[in-house]
Amino acid sequence: MRKNIKGIKSSAWGLMLAFAFASCSSMKQLWDLKGIRVSANDQVYTGKSTTVPMDIKTGNLRFEFNATSDPVDNGYPVSIKVVDSSVVSVTQSASNPSSYTITGLKSGYTAVTASCSSAYTFTFLVFVADTSRGITVDSLKKQRDDDIARLKAEEEARVAAAALAKQQAEEKAAAEALAKKLAEEKAAAEALAKKQAEEKAAAEALAKQQAAAATFAPKAGECYALNVSELKYIYFPTAEEMRMTFKNNSYDGNIGTQYKVKFSSNNAKAENGWYFKNVAGTVMAYYNHGSGDAEVYPAENFDRIIYPEGSDPWEEGPVNKPLYGKWHVYYRSSEGGNFARWYILDFSSNGKVSVTGPRYMIEGVNLDDITFARQEVTKTYTYTNTEGFITLQNGETYYHDGKVLRDAFVVKKVTDSAAVSKIKNARWFQPSDEK
């Protein structure tokens, strides 16, 4: 409240100073000013206006009046304003600055306003008649009333027209905005309908694809590829007999070694530890090593063993672990004298994995002290995880069932007749009967 009062006082002081400077008056004049004092013929006017009649015919064309501030001894200057100076003129007496004379110039009406500080005013309504031509004061008063009524009507019409124009502009803008909104809503509805139709078509296509690949149910005589670059294939002489071929570095003929195992399409599992799983319409295969099937599947032909950092797969067996963190991948390679080697997969929850390695070893003996036998390179890739089926940016695939990370291969049907013939006629090695 104190701040408001202070602001009001400041504004008042500013206003009074403006009045004082504009009229070259003193502050005392401002403080003492009560109004304006106007008189004529020893009569002081108490109202706000008076009528002054004149007539050109009779020569009655002069009217004298006095105007000063109230109180009179304040000496505050008075200003005079004539609305139509062609009808009358006003002169100030040189000997008495408070005395003014209104002189009629031609027939008509006008207003002469005397003001003090623009806050106090008094108006003379002057009617200059010319009765010789039939122009009377009454006719001038009527003309003034008619002019006022006409001007008022014109102003009201102008205000009404402006209001109507504003209303029409607002209605037009509202109509345009509504039309734009309806067009946007229509476009949005059409886009939504198109999107929903596309999503429906995609869902139907996915459902069809998933239904077709819900179970891995091959037919007799079909061949499937697990890894073409490493010559990993599956051949089904019958729907329940699976022969798996693998690259054999010591054998130059055909494709390599082939294993004969039983297969059941009901649970998509082979008796040698291979599982087949449908993931969002994609069939993948993975080997469940460490599940008791390792004796059936010879270790020397198994590509990679994957285990969490800090565990020993040969002593502890598989150790349950979430995907995020480090996994050691142990594998054999024909490079560098058929060395065994390993590298590290470090998965992050932000969809990135760093691959550190490879590190060379000879039959599991670490050669940390032999620098030429060791290579380490770290690369970072993005990866996707769909129901545990993990695909790295570089194309490698793995399967994590929530506990153990395993190699995974996308199962693709082989249709090339030459490749099918080569797979079917590959060398067949049986580690045990009917296995």
# chains A, B, ... in the order shown; residues from 1 in each chain; ligands from 1
>>> select_by_dssp(residues="segment 25-169 of chain A", states="strand (DSSP E)", output="ChimeraX atom specification")
/A:35-40,43-44,49-55,62-70,78-82,88-92,99-104,108-116,120-129
>>> write_last_selection(atoms="C-alpha atoms", output="compact mmCIF listing (two decimals), in the first residue's frame")
# COMPACT_ATOMS: atom_id res chain seq x y z
CA GLY A 35 -11.52 27.63 -10.70
CA ILE A 36 -12.18 30.37 -13.23
CA ARG A 37 -14.10 33.61 -12.61
CA VAL A 38 -16.02 35.03 -15.62
CA SER A 39 -18.20 38.17 -15.55
CA ALA A 40 -19.84 40.67 -17.88
CA GLN A 43 -22.58 40.05 -13.52
CA VAL A 44 -20.58 37.01 -12.44
CA SER A 49 -21.92 28.55 -20.18
CA THR A 50 -24.10 31.40 -21.37
CA THR A 51 -25.67 32.54 -24.67
CA VAL A 52 -24.50 35.69 -26.44
CA PRO A 53 -26.92 36.92 -29.18
CA MET A 54 -25.74 39.37 -31.88
CA ASP A 55 -27.39 40.91 -34.96
CA ARG A 62 -19.59 43.40 -29.63
CA PHE A 63 -19.62 41.66 -26.28
CA GLU A 64 -17.11 42.39 -23.52
CA PHE A 65 -16.36 40.05 -20.60
CA ASN A 66 -13.79 39.60 -17.89
CA ALA A 67 -12.06 36.29 -17.19
CA THR A 68 -9.48 35.51 -14.54
CA SER A 69 -8.59 32.78 -12.11
CA ASP A 70 -10.47 32.12 -8.91
CA VAL A 78 -6.51 32.47 -18.83
CA SER A 79 -6.56 31.07 -22.36
CA ILE A 80 -9.26 31.79 -24.96
CA LYS A 81 -10.29 29.40 -27.73
CA VAL A 82 -12.65 30.17 -30.64
CA VAL A 88 -16.35 35.88 -34.38
CA SER A 89 -12.98 37.10 -33.18
CA VAL A 90 -11.74 37.65 -29.61
CA THR A 91 -9.31 40.35 -28.55
CA GLN A 92 -7.65 40.99 -25.22
CA SER A 99 -10.80 42.01 -20.22
CA TYR A 100 -11.75 40.40 -23.55
CA THR A 101 -14.02 41.47 -26.43
CA ILE A 102 -15.97 39.15 -28.72
CA THR A 103 -16.66 40.73 -32.13
CA GLY A 104 -19.16 39.28 -34.62
CA GLY A 108 -23.60 32.00 -37.88
CA TYR A 109 -22.92 30.42 -34.55
CA THR A 110 -19.80 29.34 -32.67
CA ALA A 111 -18.38 28.83 -29.21
CA VAL A 112 -15.79 30.85 -27.31
CA THR A 113 -14.20 29.02 -24.38
CA ALA A 114 -12.26 30.65 -21.59
CA SER A 115 -10.16 28.21 -19.56
CA CYS A 116 -7.84 28.35 -16.59
CA TYR A 120 -11.71 25.04 -15.36
CA THR A 121 -13.67 26.30 -18.38
CA PHE A 122 -16.54 28.62 -19.25
CA THR A 123 -18.19 28.73 -22.69
CA PHE A 124 -19.96 31.54 -24.55
CA LEU A 125 -22.41 30.26 -27.18
CA VAL A 126 -22.38 33.12 -29.68
CA PHE A 127 -25.20 33.44 -32.26
CA VAL A 128 -24.62 36.17 -34.90
CA ALA A 129 -28.01 36.77 -36.50
>>> residues_around(residues="Gly325 of chain A", least_positions_apart="6", cutoff="8 Å", atoms="only C-alpha atoms", output="ChimeraX atom specification")
/A:345-348
>>> atom_distance(atom1="atom CA of Ala162 of chain A", atom2="atom CA of Asp84 of chain A")
28.9 Å
>>> atom_distance(atom1="atom CA of Val72 of chain A", atom2="atom CA of Thr46 of chain A")
14.8 Å
